[in-house]
Every structure is written in structure tokens, then in C-alpha cells.
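A.B. asks: Below is a structure I'd like to ask you about.
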Amino acid sequence: MKVALLAVLGLFLGTLAGAALGVGFGLAWVEIFKTTNFEGYSGMLVFFTFMPLGAAIGGVSGALLFGYLAVRDQAIPIERGPAGLADR
């Protein structure tokens with residue numbers, strides 16, 4: 001259950017971060033390649049092409065990364081000392 005919840009959290013956070021990076025990359029693309037702004041073409045290019053691509057790539061990679069870390073965390077047991085040592 002922990003793996004699934006962390007994968008969903010990774011999907012959510014990855015989607016947000018990927019969309020933000022996609023908008024940033026799209027704005028840089030428009031400035032570097034001097035995309036025309038006729039009838040809002042450059043804005044449509046950024047928000048209908050770069051943002052969804054960034055969100056999709058970020059969501060999938062975030063879910064895979066968080067899922068991998070959750071599975072890996074279960075494989076590496078954390079050693080804990082005796083319960084009385086923490087009270088000293």
C-alpha cells in the first residue's frame with residue numbers, strides 16, 4: 001500500500017513539476033526561435049504542446065521514481081537499537 005500511495009504522490013508532484021518545466025521550456029523555445037505571435041500562436045504552442053508533454057513526462061517519471069524508492073526502502077531494513085537507549 002505504501003508503494004502505491006508514494007507512486008500516486010510521485011505522479012501528482014511529477015505532473016506539477018513537469019508542467020511548470022514544460023511552460024518554461026516552451027517560453028524559452030518561443031523566444032529563441034522567434035515564433036510568431038499571430039493570433040496567439042506562440043501561447044497556444046506553449047500551453048497546448050509543451051505543457052502537456054512536460055506534464056506527461058514528469059508524471060510518469062515521478063511515479064516511477066517514487067515507486068522505485070518505496071520498493072527499495074522495503075528491501076533495505078533499518079537497524080534499530082534497543083528501546084531503552086533512546087530514553088538516555
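Identifiers for the C-alpha cells are assigned positionally: chains receive A, B, ... in sequence, residues are indexed from 1 per chain, and ligands are indexed from 1 in the order shown.
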As a list of chain:residue names, please: the residues near Phe25 in chain A (cut-off 12 Å, only C-alpha atoms, same-chain neighbours under 2 positions excluded).
C.D. replies: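 The residues that qualify are A:Gly18, A:Ala19, A:Ala20, A:Leu21, A:Gly22, A:Val23, A:Leu27, A:Ala28, A:Trp29, A:Val30, A:Glu31, A:Ile32, A:Phe33, A:Leu45, A:Val46, A:Phe47, A:Thr49, A:Phe50, A:Met51, A:Pro52, A:Leu53, A:Gly54.
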A.B. asks: Go ahead and write the selection's residues with N, CA, C and O atoms as an mmCIF file, in the first residue's frame.
C.D. replies:
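Writing done, so here's out.cif:
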data_model
loop_
_atom_site.group_PDB
_atom_site.id
_atom_site.type_symbol
_atom_site.label_atom_id
_atom_site.label_comp_id
_atom_site.auth_asym_id
_atom_site.auth_seq_id
_atom_site.Cartn_x
_atom_site.Cartn_y
_atom_site.Cartn_z
ATOM 1 N N GLY A 18 6.564 18.819 -13.992
ATOM 2 C CA GLY A 18 6.746 18.669 -15.428
ATOM 3 C C GLY A 18 5.987 19.729 -16.218
ATOM 4 O O GLY A 18 6.488 20.241 -17.218
ATOM 5 N N ALA A 19 4.788 20.064 -15.770
ATOM 6 C CA ALA A 19 4.024 21.112 -16.451
ATOM 7 C C ALA A 19 4.727 22.462 -16.318
ATOM 8 O O ALA A 19 4.805 23.230 -17.282
ATOM 9 N N ALA A 20 5.245 22.747 -15.137
ATOM 10 C CA ALA A 20 5.962 24.012 -14.937
ATOM 11 C C ALA A 20 7.225 24.061 -15.794
ATOM 12 O O ALA A 20 7.521 25.088 -16.426
ATOM 13 N N LEU A 21 7.959 22.966 -15.840
ATOM 14 C CA LEU A 21 9.155 22.926 -16.681
ATOM 15 C C LEU A 21 8.794 22.995 -18.165
ATOM 16 O O LEU A 21 9.514 23.604 -18.962
ATOM 17 N N GLY A 22 7.675 22.388 -18.536
ATOM 18 C CA GLY A 22 7.223 22.456 -19.917
ATOM 19 C C GLY A 22 6.873 23.870 -20.334
ATOM 20 O O GLY A 22 7.205 24.301 -21.449
ATOM 21 N N VAL A 23 6.208 24.611 -19.457
ATOM 22 C CA VAL A 23 5.884 26.010 -19.753
ATOM 23 C C VAL A 23 7.174 26.819 -19.876
ATOM 24 O O VAL A 23 7.339 27.628 -20.802
ATOM 25 N N LEU A 27 8.321 28.658 -23.286
ATOM 26 C CA LEU A 27 8.588 30.095 -23.377
ATOM 27 C C LEU A 27 9.994 30.373 -23.898
ATOM 28 O O LEU A 27 10.210 31.302 -24.677
ATOM 29 N N ALA A 28 10.950 29.547 -23.472
ATOM 30 C CA ALA A 28 12.310 29.691 -23.989
ATOM 31 C C ALA A 28 12.345 29.376 -25.485
ATOM 32 O O ALA A 28 13.013 30.074 -26.258
ATOM 33 N N TRP A 29 11.614 28.355 -25.905
ATOM 34 C CA TRP A 29 11.542 27.994 -27.316
ATOM 35 C C TRP A 29 11.004 29.156 -28.153
ATOM 36 O O TRP A 29 11.531 29.481 -29.205
ATOM 37 N N VAL A 30 9.935 29.777 -27.662
ATOM 38 C CA VAL A 30 9.314 30.894 -28.377
ATOM 39 C C VAL A 30 10.291 32.055 -28.511
ATOM 40 O O VAL A 30 10.372 32.695 -29.568
ATOM 41 N N GLU A 31 11.051 32.333 -27.463
ATOM 42 C CA GLU A 31 11.998 33.445 -27.508
ATOM 43 C C GLU A 31 13.219 33.128 -28.380
ATOM 44 O O GLU A 31 13.684 33.976 -29.129
ATOM 45 N N ILE A 32 13.740 31.926 -28.268
ATOM 46 C CA ILE A 32 14.949 31.567 -29.009
ATOM 47 C C ILE A 32 14.673 31.477 -30.508
ATOM 48 O O ILE A 32 15.433 31.999 -31.325
ATOM 49 N N PHE A 33 13.581 30.825 -30.879
ATOM 50 C CA PHE A 33 13.298 30.588 -32.289
ATOM 51 C C PHE A 33 12.353 31.628 -32.890
ATOM 52 O O PHE A 33 11.900 31.461 -34.023
ATOM 53 N N LEU A 45 1.072 27.321 -28.717
ATOM 54 C CA LEU A 45 2.170 26.360 -28.828
ATOM 55 C C LEU A 45 2.672 25.962 -27.451
ATOM 56 O O LEU A 45 2.847 24.771 -27.156
ATOM 57 N N VAL A 46 2.847 26.934 -26.578
ATOM 58 C CA VAL A 46 3.368 26.655 -25.236
ATOM 59 C C VAL A 46 2.359 25.836 -24.428
ATOM 60 O O VAL A 46 2.696 24.803 -23.860
ATOM 61 N N PHE A 47 1.101 26.275 -24.389
ATOM 62 C CA PHE A 47 0.142 25.668 -23.473
ATOM 63 C C PHE A 47 -0.576 24.446 -24.028
ATOM 64 O O PHE A 47 -1.176 23.692 -23.264
ATOM 65 N N THR A 49 1.146 22.339 -26.370
ATOM 66 C CA THR A 49 2.162 21.376 -26.782
ATOM 67 C C THR A 49 3.167 21.109 -25.673
ATOM 68 O O THR A 49 3.312 19.976 -25.222
ATOM 69 N N PHE A 50 3.867 22.149 -25.238
ATOM 70 C CA PHE A 50 4.949 21.946 -24.277
ATOM 71 C C PHE A 50 4.444 21.602 -22.880
ATOM 72 O O PHE A 50 5.034 20.763 -22.203
ATOM 73 N N MET A 51 3.377 22.250 -22.424
ATOM 74 C CA MET A 51 2.887 21.969 -21.081
ATOM 75 C C MET A 51 2.353 20.537 -20.952
ATOM 76 O O MET A 51 2.717 19.831 -20.013
ATOM 77 N N PRO A 52 1.501 20.033 -21.867
ATOM 78 C CA PRO A 52 1.060 18.643 -21.723
ATOM 79 C C PRO A 52 2.186 17.621 -21.858
ATOM 80 O O PRO A 52 2.186 16.615 -21.144
ATOM 81 N N LEU A 53 3.138 17.886 -22.759
ATOM 82 C CA LEU A 53 4.271 16.963 -22.879
ATOM 83 C C LEU A 53 5.100 16.934 -21.603
ATOM 84 O O LEU A 53 5.491 15.860 -21.122
ATOM 85 N N GLY A 54 5.361 18.103 -21.046
ATOM 86 C CA GLY A 54 6.106 18.157 -19.785
ATOM 87 C C GLY A 54 5.359 17.493 -18.651
ATOM 88 O O GLY A 54 5.948 16.787 -17.832
#
A.B. asks: What gap, in Å, lies between CA of Gly59 in chain A and CA of Leu9 in chain A?
C.D. replies: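 Separation between CA of Gly59 in chain A and CA of Leu9 in chain A: 9.6 Å.
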A.B. asks: What's around Val60 in chain A at 12 Å? Count only C-alpha atoms, leave out sequence neighbours fewer than 3 positions away in its own chain, and write the answer as a ChimeraX atom specification.
C.D. replies: /A:7-18,53-57,63-67
A.B. asks: Write a file of the selected residues as a compact mmCIF listing (two decimals), in the first residue's frame, keeping N, CA and C atoms.
C.D. replies:
# COMPACT_ATOMS: atom_id res chain seq x y z
N ALA A 7 3.66 6.15 -5.19
CA ALA A 7 3.62 6.27 -6.65
C ALA A 7 2.59 7.31 -7.08
N VAL A 8 1.44 7.34 -6.41
CA VAL A 8 0.43 8.36 -6.72
C VAL A 8 0.93 9.75 -6.35
N LEU A 9 1.61 9.86 -5.22
CA LEU A 9 2.19 11.14 -4.83
C LEU A 9 3.25 11.58 -5.85
N GLY A 10 4.08 10.65 -6.30
CA GLY A 10 5.06 10.96 -7.33
C GLY A 10 4.42 11.37 -8.64
N LEU A 11 3.30 10.73 -8.99
CA LEU A 11 2.58 11.11 -10.19
C LEU A 11 2.06 12.54 -10.09
N PHE A 12 1.49 12.88 -8.94
CA PHE A 12 0.95 14.22 -8.74
C PHE A 12 2.05 15.28 -8.76
N LEU A 13 3.09 15.07 -7.97
CA LEU A 13 4.18 16.04 -7.91
C LEU A 13 4.95 16.13 -9.22
N GLY A 14 5.15 14.99 -9.86
CA GLY A 14 5.84 14.97 -11.14
C GLY A 14 5.06 15.69 -12.23
N THR A 15 3.73 15.55 -12.20
CA THR A 15 2.89 16.24 -13.17
C THR A 15 2.98 17.75 -12.98
N LEU A 16 2.92 18.20 -11.75
CA LEU A 16 3.03 19.64 -11.49
C LEU A 16 4.39 20.18 -11.91
N ALA A 17 5.43 19.50 -11.51
CA ALA A 17 6.78 19.96 -11.85
C ALA A 17 7.03 19.88 -13.36
N GLY A 18 6.56 18.82 -13.99
CA GLY A 18 6.75 18.67 -15.43
C GLY A 18 5.99 19.73 -16.22
N LEU A 53 3.14 17.89 -22.76
CA LEU A 53 4.27 16.96 -22.88
C LEU A 53 5.10 16.93 -21.60
N GLY A 54 5.36 18.10 -21.05
CA GLY A 54 6.11 18.16 -19.78
C GLY A 54 5.36 17.49 -18.65
N ALA A 55 4.04 17.69 -18.59
CA ALA A 55 3.24 17.07 -17.53
C ALA A 55 3.23 15.56 -17.67
N ALA A 56 3.12 15.05 -18.89
CA ALA A 56 3.10 13.60 -19.09
C ALA A 56 4.45 12.98 -18.73
N ILE A 57 5.51 13.58 -19.21
CA ILE A 57 6.84 13.04 -18.93
C ILE A 57 7.16 13.14 -17.44
N ALA A 63 6.22 9.15 -10.86
CA ALA A 63 5.61 7.93 -10.32
C ALA A 63 6.62 6.78 -10.30
N LEU A 64 7.40 6.65 -11.36
CA LEU A 64 8.40 5.58 -11.38
C LEU A 64 9.48 5.81 -10.33
N LEU A 65 9.92 7.04 -10.18
CA LEU A 65 10.96 7.34 -9.20
C LEU A 65 10.48 7.10 -7.78
N PHE A 66 9.31 7.62 -7.43
CA PHE A 66 8.80 7.43 -6.08
C PHE A 66 8.47 5.96 -5.81
N GLY A 67 7.93 5.26 -6.81
CA GLY A 67 7.66 3.83 -6.64
C GLY A 67 8.93 3.04 -6.44
A.B. asks: DSSP on the backbone: which residues in chain A end up as helix (DSSP H, G or I)? Give the answer as number ranges by chain.
C.D. replies: A: 2-32, 38-75, 83-87
A.B. asks: Please, what distance in Å, to one decimal, runs between CA of Val3 in chain A and CA of Val71 in chain A?
C.D. replies: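 Separation between CA of Val3 in chain A and CA of Val71 in chain A: 6.4 Å.
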